$ cat input-v2.txt   # compact mmCIF, C-alpha atoms
# COMPACT_ATOMS: atom_id res chain seq x y z
CA MET O 1 210.21 93.96 61.51
CA ILE O 2 207.78 93.25 64.38
CA LYS O 3 210.26 94.79 66.81
CA ARG O 4 210.53 97.93 64.67
CA ASN O 5 206.73 98.21 64.38
CA ARG O 6 206.37 97.85 68.15
CA LEU O 7 208.98 100.56 68.68
CA LYS O 8 207.08 102.83 66.30
CA ILE O 9 203.77 102.12 68.08
CA ASN O 10 205.35 102.82 71.47
CA GLN O 11 206.75 106.11 70.15
CA ILE O 12 203.32 107.08 68.78
CA LYS O 13 201.67 106.24 72.13
CA SER O 14 204.28 108.29 73.96
CA ILE O 15 203.74 111.32 71.68
CA LEU O 16 199.95 111.00 71.99
CA SER O 17 200.14 110.77 75.80
CA GLN O 18 202.45 113.78 76.04
CA LYS O 19 200.20 115.94 73.87
CA ILE O 20 197.02 114.91 75.73
CA GLU O 21 198.67 115.48 79.11
CA ASP O 22 199.78 118.93 77.90
CA ILE O 23 196.17 119.92 77.14
CA TYR O 24 195.08 119.08 80.69
CA GLN O 25 198.17 120.66 82.23
CA GLN O 26 198.11 123.89 80.22
CA GLN O 27 194.37 124.51 80.04
CA LEU O 28 193.15 122.99 83.32
CA GLU O 29 196.34 122.90 85.44
CA HIS O 30 195.56 119.25 86.04
CA LYS O 31 197.78 116.18 85.86
CA ILE O 32 196.24 112.99 84.44
CA ASN O 33 197.16 109.77 86.31
CA ASN O 34 197.36 107.39 83.39
CA ILE O 35 196.52 107.03 79.70
CA SER O 36 196.06 103.63 78.07
CA TYR O 37 195.30 102.60 74.49
CA LYS O 38 193.80 99.71 72.59
CA LEU O 39 194.14 99.62 68.82
CA PHE O 40 192.17 97.10 66.73
CA ASP O 41 191.00 97.16 63.11
CA ASN O 42 190.55 100.86 62.31
CA ILE O 43 189.55 101.72 65.89
CA LEU O 44 191.50 103.33 68.71
CA VAL O 45 190.16 103.19 72.26
CA ILE O 46 191.69 105.60 74.78
CA ILE O 47 191.19 105.56 78.54
CA LEU O 48 192.24 108.61 80.56
CA GLU O 49 192.38 107.97 84.30
CA GLY O 50 192.27 110.68 86.98
CA ILE O 51 190.78 113.44 84.86
CA ILE O 52 188.50 115.09 87.43
CA THR O 53 189.88 118.46 88.56
CA SER O 54 189.98 119.65 92.18
CA PRO O 55 187.03 122.08 91.79
CA GLU O 56 184.89 119.25 90.36
CA LYS O 57 185.89 116.96 93.24
CA LEU O 58 184.98 119.70 95.69
CA LEU O 59 181.55 120.11 94.06
CA LYS O 60 180.99 116.34 94.10
CA ASP O 61 182.06 115.97 97.74
CA HIS O 62 179.68 118.77 98.77
CA ASP O 63 176.57 117.23 97.15
CA HIS O 64 176.70 119.31 93.99
CA ILE O 65 177.12 116.31 91.69
CA TYR O 66 174.70 117.72 89.09
CA LEU O 67 176.74 120.92 88.84
CA ALA O 68 179.99 118.90 88.71
CA LYS O 69 178.52 116.93 85.78
CA GLN O 70 177.57 120.16 84.02
CA VAL O 71 181.10 121.51 84.49
CA ARG O 72 182.58 118.26 83.17
CA LYS O 73 180.30 118.31 80.14
CA ALA O 74 181.48 121.83 79.28
CA VAL O 75 185.14 120.87 79.85
CA ASP O 76 184.76 117.76 77.67
CA ASN O 77 183.16 119.83 74.90
CA ILE O 78 186.33 121.94 74.83
CA VAL O 79 188.94 119.23 75.40
CA HIS O 80 187.65 116.26 73.38
CA PRO O 81 187.75 117.94 69.94
CA GLN O 82 191.39 118.80 70.69
CA ILE O 83 192.15 115.15 71.54
CA LYS O 84 190.48 114.13 68.28
CA GLU O 85 192.71 116.57 66.35
CA ILE O 86 195.83 115.26 68.11
CA ILE O 87 194.99 111.66 67.16
CA GLU O 88 194.45 112.66 63.52
CA GLU O 89 197.74 114.58 63.48
CA VAL O 90 199.92 111.99 65.26
CA LEU O 91 198.46 108.88 63.60
CA ASP O 92 198.00 110.63 60.24
CA VAL O 93 194.43 109.37 59.91
CA LYS O 94 191.01 110.87 59.24
CA ILE O 95 188.59 110.19 62.09
CA ILE O 96 185.05 109.51 60.85
CA ASP O 97 183.56 109.09 64.30
CA PHE O 98 184.72 110.16 67.76
CA LEU O 99 182.65 108.84 70.66
CA SER O 100 183.58 109.95 74.15
CA ASP O 101 182.18 110.04 77.65
CA THR O 102 183.35 110.79 81.19
CA THR O 103 182.32 109.21 84.46
CA ILE O 104 182.86 111.31 87.55
CA LYS O 105 182.17 108.25 89.72
CA SER O 106 185.11 106.29 88.27
CA ASP O 107 187.16 109.44 87.51
CA LEU O 108 187.90 108.47 83.93
CA THR O 109 187.26 109.43 80.35
CA GLY O 110 186.88 106.89 77.58
CA ALA O 111 187.03 107.67 73.88
CA ILE O 112 186.55 105.54 70.78
CA ALA O 113 188.05 106.95 67.58
CA ILE O 114 187.04 105.28 64.32
CA PHE O 115 189.31 106.00 61.34
CA GLU O 116 188.65 106.07 57.67
CA PRO O 117 190.47 103.01 56.31
CA LYS O 118 193.60 104.02 54.39
CA PRO O 119 193.71 102.88 50.73
CA LYS O 120 196.51 100.40 51.52
CA ASP O 121 194.24 98.74 54.12
CA ASN O 122 191.59 97.92 51.55
CA MET F 123 187.06 72.36 83.24
CA THR F 124 189.28 74.65 81.17
CA ASN F 125 187.86 73.12 77.98
CA ASN F 126 184.37 74.34 78.95
CA LEU F 127 185.56 77.93 79.02
CA LEU F 128 184.96 80.12 76.00
CA THR F 129 187.88 81.74 74.23
CA CYS F 130 188.03 85.53 74.32
CA GLY F 131 186.80 85.69 70.70
CA GLN F 132 183.90 83.36 71.42
CA LEU F 133 182.87 85.41 74.45
CA GLU F 134 183.08 88.64 72.41
CA ARG F 135 180.90 87.11 69.67
CA LYS F 136 178.38 85.79 72.21
CA LEU F 137 178.13 89.23 73.82
CA SER F 138 177.72 90.89 70.41
CA GLN F 139 174.82 88.60 69.52
CA GLU F 140 173.12 89.05 72.91
CA ILE F 141 173.49 92.85 72.76
CA GLN F 142 172.07 92.93 69.23
CA ALA F 143 169.04 90.91 70.41
CA PHE F 144 168.76 93.12 73.53
CA TYR F 145 168.45 96.27 71.40
CA ARG F 146 165.88 94.64 69.12
CA GLN F 147 163.84 93.56 72.12
CA HIS F 148 164.03 96.87 74.02
CA LEU F 149 164.02 99.49 71.25
CA GLY F 150 162.34 97.55 68.43
CA HIS F 151 165.42 98.23 66.33
CA GLN F 152 168.35 95.95 65.68
CA PRO F 153 171.80 97.49 65.13
CA SER F 154 173.30 96.16 61.88
CA LYS F 155 176.57 95.24 63.58
CA VAL F 156 177.82 94.98 67.16
CA THR F 157 181.56 94.70 67.84
CA CYS F 158 182.85 93.74 71.29
CA GLN F 159 186.51 93.84 72.30
CA PHE F 160 187.93 93.04 75.73
CA PHE F 161 191.14 94.71 76.85
CA GLN F 162 192.39 94.33 80.40
CA ALA F 163 189.39 94.83 82.72
CA LYS F 164 187.45 96.80 80.11
CA LEU F 165 185.11 96.05 77.25
CA ALA F 166 184.66 98.28 74.20
CA ILE F 167 181.32 97.95 72.38
CA ILE F 168 180.59 99.56 69.03
CA LEU F 169 177.07 99.46 67.58
CA GLU F 170 176.55 100.34 63.93
CA ASN F 171 173.19 101.65 62.74
CA SER F 172 171.93 102.02 66.30
CA ILE F 173 169.52 104.92 65.79
CA THR F 174 165.78 104.15 65.77
CA SER F 175 163.36 105.27 63.05
CA ALA F 176 161.69 107.71 65.47
CA GLU F 177 165.00 109.47 66.08
CA LYS F 178 165.69 109.57 62.32
CA VAL F 179 162.31 111.26 61.79
CA LEU F 180 163.23 113.90 64.39
CA ILE F 181 166.58 114.53 62.65
CA ASP F 182 164.91 114.79 59.24
CA GLU F 183 162.46 117.32 60.71
CA GLY F 184 165.39 119.47 61.88
CA LYS F 185 164.93 118.54 65.53
CA SER F 186 168.45 117.21 66.12
CA ASP F 187 168.64 118.58 69.66
CA LEU F 188 165.50 116.68 70.62
CA ALA F 189 166.80 113.53 68.88
CA GLN F 190 170.05 113.86 70.88
CA GLN F 191 168.04 114.22 74.08
CA VAL F 192 165.93 111.17 73.19
CA ARG F 193 169.10 109.15 72.49
CA SER F 194 170.70 110.21 75.74
CA ASN F 195 167.57 109.26 77.72
CA LEU F 196 167.16 105.94 75.89
CA ASP F 197 170.79 105.04 76.64
CA GLY F 198 170.25 105.92 80.30
CA ALA F 199 167.00 103.94 80.48
CA ILE F 200 168.42 100.69 79.06
CA GLN F 201 171.77 100.87 80.84
CA PRO F 202 170.77 99.03 84.05
CA GLU F 203 169.48 96.02 82.06
CA LEU F 204 172.43 96.14 79.67
CA LYS F 205 174.72 96.06 82.70
CA GLN F 206 172.91 92.94 83.96
CA LEU F 207 173.21 91.29 80.56
CA ILE F 208 176.98 91.89 80.37
CA GLU F 209 177.42 90.65 83.94
CA LYS F 210 175.44 87.48 83.15
CA VAL F 211 177.29 86.65 79.92
CA ALA F 212 180.83 87.67 80.96
CA GLU F 213 180.38 86.57 84.58
CA VAL F 214 182.09 89.66 85.97
CA GLU F 215 180.77 92.68 87.83
CA VAL F 216 180.24 95.86 85.80
CA LEU F 217 181.46 98.92 87.71
CA ASP F 218 180.61 101.64 85.22
CA ILE F 219 179.48 102.21 81.63
CA LEU F 220 180.62 105.13 79.48
CA SER F 221 178.43 105.74 76.44
CA ASP F 222 178.20 108.14 73.51
CA ALA F 223 176.32 108.16 70.21
CA THR F 224 176.61 110.09 66.96
CA LEU F 225 173.25 110.63 65.31
CA ASP F 226 174.80 111.51 61.92
CA THR F 227 176.60 108.18 61.57
CA GLY F 228 174.17 106.12 63.67
CA ARG F 229 177.07 104.77 65.68
CA THR F 230 177.04 104.15 69.45
CA GLY F 231 180.22 103.48 71.40
CA MET F 232 180.47 102.16 74.93
CA ILE F 233 183.35 101.42 77.27
CA VAL F 234 182.39 99.09 80.09
CA ILE F 235 184.55 99.13 83.23
CA LEU F 236 184.72 95.66 84.77
CA SER F 237 185.78 94.59 88.26
CA GLN F 238 188.25 92.13 86.71
CA THR F 239 189.10 90.48 83.40
CA PRO F 240 186.60 87.75 82.46
CA THR F 241 187.71 84.13 82.79
CA VAL F 242 188.42 82.77 79.31
CA ARG F 243 190.41 79.88 77.87
CA ASN F 244 193.06 82.23 76.46
CA PRO F 245 193.41 85.06 79.05
CA GLU F 246 196.67 86.26 77.45
CA SER F 247 194.65 87.66 74.52
CA ILE F 248 192.81 90.03 76.88
CA LEU F 249 195.86 91.11 78.84
CA LYS F 250 198.21 91.69 75.95
CA VAL F 251 197.79 94.80 73.83
CA LYS F 252 197.04 93.75 70.26
CA HIS F 253 198.47 95.93 67.49
$ encode --input "input-v2.txt" --output "structure tokens"
Amino acid sequence: MIKRNRLKINQIKSILSQKIEDIYQQQLEHKINNISYKLFDNILVIILEGIITSPEKLLKDHDHIYLAKQVRKAVDNIVHPQIKEIIEEVLDVKIIDFLSDTTIKSDLTGAIAIFEPKPKDN
Amino acid sequence: MTNNLLTCGQLERKLSQEIQAFYRQHLGHQPSKVTCQFFQAKLAIILENSITSAEKVLIDEGKSDLAQQVRSNLDGAIQPELKQLIEKVAEVEVLDILSDATLDTGRTGMIVILSQTPTVRNPESILKVKH
């Protein structure tokens, strides 16, 4: 039973990663280095590593960090709602809160998705 | 020596209590609940009811953009001291803090990037992925 659940969770993680990577690849022509997950209670934490695109890196390296941050904010505003939708679709949950932020310094995005508890969880 | 170490759960609870007190002391408002969860060299923090009365007044007056700006600036202002607090309690260096808040729900979420996993009595609980 535990083995089957783990298999299911690994499949879900794999589907989630593929769909998130596709967003970055198709819309930004950018390959993410790594995606990791932590699931506890009705909360999913996602860490995306290596999300900064080449133009943003170029801006940062040429002392235009403020502009790079502005670009990232705009990109996140487009991409993050899509990630939220993907989580809802793949995990079949309703997200009641989606908190996300990106750090250019560490080149990663972190998101915390809080789900509505399913009736069977009550 | 090992017996003096906190378990992962004890360290998470200690951090939650200290962060709750930190918010009360710095913003005059105590979040109703603070959840801390270590995973690998990261710490997720979720604060419930983290919005101050002043921000609520701004929202009620239809000034949500200003409230969002206030929240963003408050988070930025307290971050250096929050970083110190986490470093002191967890005894690890904080490399970066990612933070976001939703004014509608009053929830704040943070992901703290650590230099390494904290030393606890049961390190396997931090390294393994709980499902």
$ closest_residue --input "input-v2.txt" --among "F:Ile235, F:Ala176, F:Leu149, F:Ile141" --to "Gly110 (chain O)" --atoms "all atoms listed in the file"
F:Ile235
$ interface_residues --input "input-v2.txt" --of "chain O" --to "chain F" --cutoff "12 Å" --atoms "only C-alpha atoms" --output "PyMOL selection string"
chain O and resi 2-3+5-10+13+36-49+96-114
$ atom_distance --input "input-v2.txt" --atom1 "CA of Asp76 (chain O)" --atom2 "CA of Glu215 (chain F)"
27.4 Å
$ closest_residue --input "input-v2.txt" --among "O:Lys94, O:Lys84, O:Lys60, O:Lys69" --to "Leu16 (chain O)" --atoms "only C-alpha atoms"
O:Lys84
$ residues_around --input "input-v2.txt" --residues "Thr174 (chain F)" --least-positions-apart "5" --cutoff "10 Å" --atoms "only C-alpha atoms" --output "list in words"
Leu149, Gly150, His151, Gln152, Pro153, Val179, Ala189, Arg193, Leu225 and Gly228 of chain F
$ atom_distance --input "input-v2.txt" --atom1 "CA of Asn34 (chain O)" --atom2 "CA of Glu21 (chain O)"
9.2 Å
$ decode --input "input-v2.txt" --residues "region 12-28 of chain O" --atoms "all heavy atoms" --output "mmCIF file, in the first residue's frame"
data_model
loop_
_atom_site.group_PDB
_atom_site.id
_atom_site.type_symbol
_atom_site.label_atom_id
_atom_site.label_comp_id
_atom_site.auth_asym_id
_atom_site.auth_seq_id
_atom_site.Cartn_x
_atom_site.Cartn_y
_atom_site.Cartn_z
ATOM 1 N N ILE O 12 2.975 11.726 -9.833
ATOM 2 C CA ILE O 12 2.400 13.080 -9.770
ATOM 3 C C ILE O 12 3.516 14.121 -9.854
ATOM 4 O O ILE O 12 3.421 15.101 -10.598
ATOM 5 C CB ILE O 12 1.574 13.256 -8.463
ATOM 6 C CG1 ILE O 12 0.276 12.447 -8.569
ATOM 7 C CG2 ILE O 12 1.260 14.720 -8.197
ATOM 8 C CD1 ILE O 12 -0.517 12.363 -7.284
ATOM 9 N N LYS O 13 4.604 13.897 -9.105
ATOM 10 C CA LYS O 13 5.733 14.839 -9.124
ATOM 11 C C LYS O 13 6.329 14.938 -10.525
ATOM 12 O O LYS O 13 6.678 16.018 -10.988
ATOM 13 C CB LYS O 13 6.810 14.380 -8.127
ATOM 14 C CG LYS O 13 6.453 14.693 -6.694
ATOM 15 C CD LYS O 13 7.667 14.783 -5.814
ATOM 16 C CE LYS O 13 8.076 13.468 -5.253
ATOM 17 N NZ LYS O 13 9.169 13.525 -4.293
ATOM 18 N N SER O 14 6.418 13.793 -11.185
ATOM 19 C CA SER O 14 6.988 13.763 -12.531
ATOM 20 C C SER O 14 6.104 14.540 -13.526
ATOM 21 O O SER O 14 6.605 15.308 -14.349
ATOM 22 C CB SER O 14 7.146 12.299 -12.942
ATOM 23 O OG SER O 14 7.425 12.208 -14.269
ATOM 24 N N ILE O 15 4.782 14.358 -13.405
ATOM 25 C CA ILE O 15 3.849 15.085 -14.290
ATOM 26 C C ILE O 15 3.926 16.589 -14.014
ATOM 27 O O ILE O 15 3.999 17.404 -14.937
ATOM 28 C CB ILE O 15 2.394 14.565 -14.100
ATOM 29 C CG1 ILE O 15 2.299 13.096 -14.533
ATOM 30 C CG2 ILE O 15 1.407 15.408 -14.905
ATOM 31 C CD1 ILE O 15 1.012 12.408 -14.096
ATOM 32 N N LEU O 16 3.931 16.931 -12.723
ATOM 33 C CA LEU O 16 4.018 18.352 -12.340
ATOM 34 C C LEU O 16 5.288 18.980 -12.914
ATOM 35 O O LEU O 16 5.238 20.047 -13.537
ATOM 36 C CB LEU O 16 4.076 18.475 -10.810
ATOM 37 C CG LEU O 16 2.787 18.627 -10.023
ATOM 38 C CD1 LEU O 16 3.090 18.668 -8.537
ATOM 39 C CD2 LEU O 16 2.037 19.881 -10.425
ATOM 40 N N SER O 17 6.424 18.300 -12.720
ATOM 41 C CA SER O 17 7.715 18.833 -13.182
ATOM 42 C C SER O 17 7.708 19.026 -14.694
ATOM 43 O O SER O 17 8.161 20.061 -15.199
ATOM 44 C CB SER O 17 8.857 17.887 -12.797
ATOM 45 O OG SER O 17 8.955 17.806 -11.410
ATOM 46 N N GLN O 18 7.176 18.039 -15.410
ATOM 47 C CA GLN O 18 7.146 18.122 -16.868
ATOM 48 C C GLN O 18 6.334 19.330 -17.327
ATOM 49 O O GLN O 18 6.747 20.095 -18.202
ATOM 50 C CB GLN O 18 6.560 16.822 -17.448
ATOM 51 C CG GLN O 18 6.708 16.705 -18.962
ATOM 52 C CD GLN O 18 8.156 16.795 -19.400
ATOM 53 O OE1 GLN O 18 8.985 15.998 -18.970
ATOM 54 N NE2 GLN O 18 8.483 17.780 -20.224
ATOM 55 N N LYS O 19 5.173 19.517 -16.711
ATOM 56 C CA LYS O 19 4.283 20.606 -17.125
ATOM 57 C C LYS O 19 4.891 21.979 -16.782
ATOM 58 O O LYS O 19 4.768 22.931 -17.551
ATOM 59 C CB LYS O 19 2.905 20.453 -16.461
ATOM 60 C CG LYS O 19 2.054 19.354 -17.106
ATOM 61 C CD LYS O 19 0.702 19.221 -16.443
ATOM 62 C CE LYS O 19 -0.157 18.160 -17.103
ATOM 63 N NZ LYS O 19 -0.996 18.676 -18.178
ATOM 64 N N ILE O 20 5.548 22.063 -15.623
ATOM 65 C CA ILE O 20 6.171 23.339 -15.230
ATOM 66 C C ILE O 20 7.363 23.638 -16.148
ATOM 67 O O ILE O 20 7.537 24.763 -16.614
ATOM 68 C CB ILE O 20 6.594 23.311 -13.736
ATOM 69 C CG1 ILE O 20 5.355 23.256 -12.849
ATOM 70 C CG2 ILE O 20 7.437 24.536 -13.384
ATOM 71 C CD1 ILE O 20 5.626 22.973 -11.372
ATOM 72 N N GLU O 21 8.155 22.597 -16.419
ATOM 73 C CA GLU O 21 9.303 22.782 -17.326
ATOM 74 C C GLU O 21 8.830 23.230 -18.715
ATOM 75 O O GLU O 21 9.471 24.067 -19.354
ATOM 76 C CB GLU O 21 10.084 21.470 -17.451
ATOM 77 C CG GLU O 21 11.023 21.227 -16.287
ATOM 78 C CD GLU O 21 11.573 19.805 -16.240
ATOM 79 O OE1 GLU O 21 11.369 19.069 -17.215
ATOM 80 O OE2 GLU O 21 12.172 19.453 -15.234
ATOM 81 N N ASP O 22 7.694 22.668 -19.161
ATOM 82 C CA ASP O 22 7.142 23.026 -20.479
ATOM 83 C C ASP O 22 6.795 24.518 -20.567
ATOM 84 O O ASP O 22 7.006 25.152 -21.596
ATOM 85 C CB ASP O 22 5.889 22.190 -20.783
ATOM 86 C CG ASP O 22 6.244 20.757 -21.159
ATOM 87 O OD1 ASP O 22 7.444 20.487 -21.367
ATOM 88 O OD2 ASP O 22 5.333 19.914 -21.235
ATOM 89 N N ILE O 23 6.252 25.060 -19.468
ATOM 90 C CA ILE O 23 5.902 26.491 -19.456
ATOM 91 C C ILE O 23 7.154 27.326 -19.731
ATOM 92 O O ILE O 23 7.158 28.217 -20.586
ATOM 93 C CB ILE O 23 5.297 26.904 -18.099
ATOM 94 C CG1 ILE O 23 3.944 26.258 -17.896
ATOM 95 C CG2 ILE O 23 5.160 28.424 -18.009
ATOM 96 C CD1 ILE O 23 3.340 26.559 -16.520
ATOM 97 N N TYR O 24 8.225 27.028 -18.965
ATOM 98 C CA TYR O 24 9.466 27.799 -19.118
ATOM 99 C C TYR O 24 10.092 27.595 -20.500
ATOM 100 O O TYR O 24 10.617 28.528 -21.095
ATOM 101 C CB TYR O 24 10.461 27.433 -18.001
ATOM 102 C CG TYR O 24 10.186 28.175 -16.721
ATOM 103 C CD1 TYR O 24 9.203 27.726 -15.837
ATOM 104 C CD2 TYR O 24 10.869 29.349 -16.407
ATOM 105 C CE1 TYR O 24 8.917 28.415 -14.680
ATOM 106 C CE2 TYR O 24 10.583 30.036 -15.232
ATOM 107 C CZ TYR O 24 9.619 29.570 -14.371
ATOM 108 O OH TYR O 24 9.333 30.268 -13.233
ATOM 109 N N GLN O 25 10.017 26.351 -20.977
ATOM 110 C CA GLN O 25 10.618 26.035 -22.273
ATOM 111 C C GLN O 25 9.844 26.703 -23.409
ATOM 112 O O GLN O 25 10.433 27.361 -24.278
ATOM 113 C CB GLN O 25 10.633 24.504 -22.462
ATOM 114 C CG GLN O 25 11.417 24.034 -23.665
ATOM 115 C CD GLN O 25 12.903 24.356 -23.560
ATOM 116 O OE1 GLN O 25 13.551 24.012 -22.584
ATOM 117 N NE2 GLN O 25 13.439 25.051 -24.552
ATOM 118 N N GLN O 26 8.523 26.562 -23.381
ATOM 119 C CA GLN O 26 7.704 27.065 -24.490
ATOM 120 C C GLN O 26 7.542 28.589 -24.479
ATOM 121 O O GLN O 26 7.548 29.222 -25.516
ATOM 122 C CB GLN O 26 6.326 26.407 -24.457
ATOM 123 C CG GLN O 26 6.370 24.944 -24.872
ATOM 124 C CD GLN O 26 5.121 24.177 -24.463
ATOM 125 O OE1 GLN O 26 4.129 24.762 -24.042
ATOM 126 N NE2 GLN O 26 5.167 22.855 -24.586
ATOM 127 N N GLN O 27 7.395 29.154 -23.296
ATOM 128 C CA GLN O 27 7.114 30.596 -23.245
ATOM 129 C C GLN O 27 8.369 31.450 -23.058
ATOM 130 O O GLN O 27 8.382 32.620 -23.413
ATOM 131 C CB GLN O 27 6.099 30.879 -22.130
ATOM 132 C CG GLN O 27 4.759 30.215 -22.409
ATOM 133 C CD GLN O 27 3.764 30.390 -21.274
ATOM 134 O OE1 GLN O 27 3.763 31.372 -20.570
ATOM 135 N NE2 GLN O 27 2.896 29.408 -21.111
ATOM 136 N N LEU O 28 9.415 30.875 -22.466
ATOM 137 C CA LEU O 28 10.620 31.676 -22.207
ATOM 138 C C LEU O 28 11.873 31.102 -22.860
ATOM 139 O O LEU O 28 12.955 31.688 -22.725
ATOM 140 C CB LEU O 28 10.856 31.785 -20.688
ATOM 141 C CG LEU O 28 9.756 32.475 -19.878
ATOM 142 C CD1 LEU O 28 9.922 32.200 -18.402
ATOM 143 C CD2 LEU O 28 9.785 33.983 -20.120
#
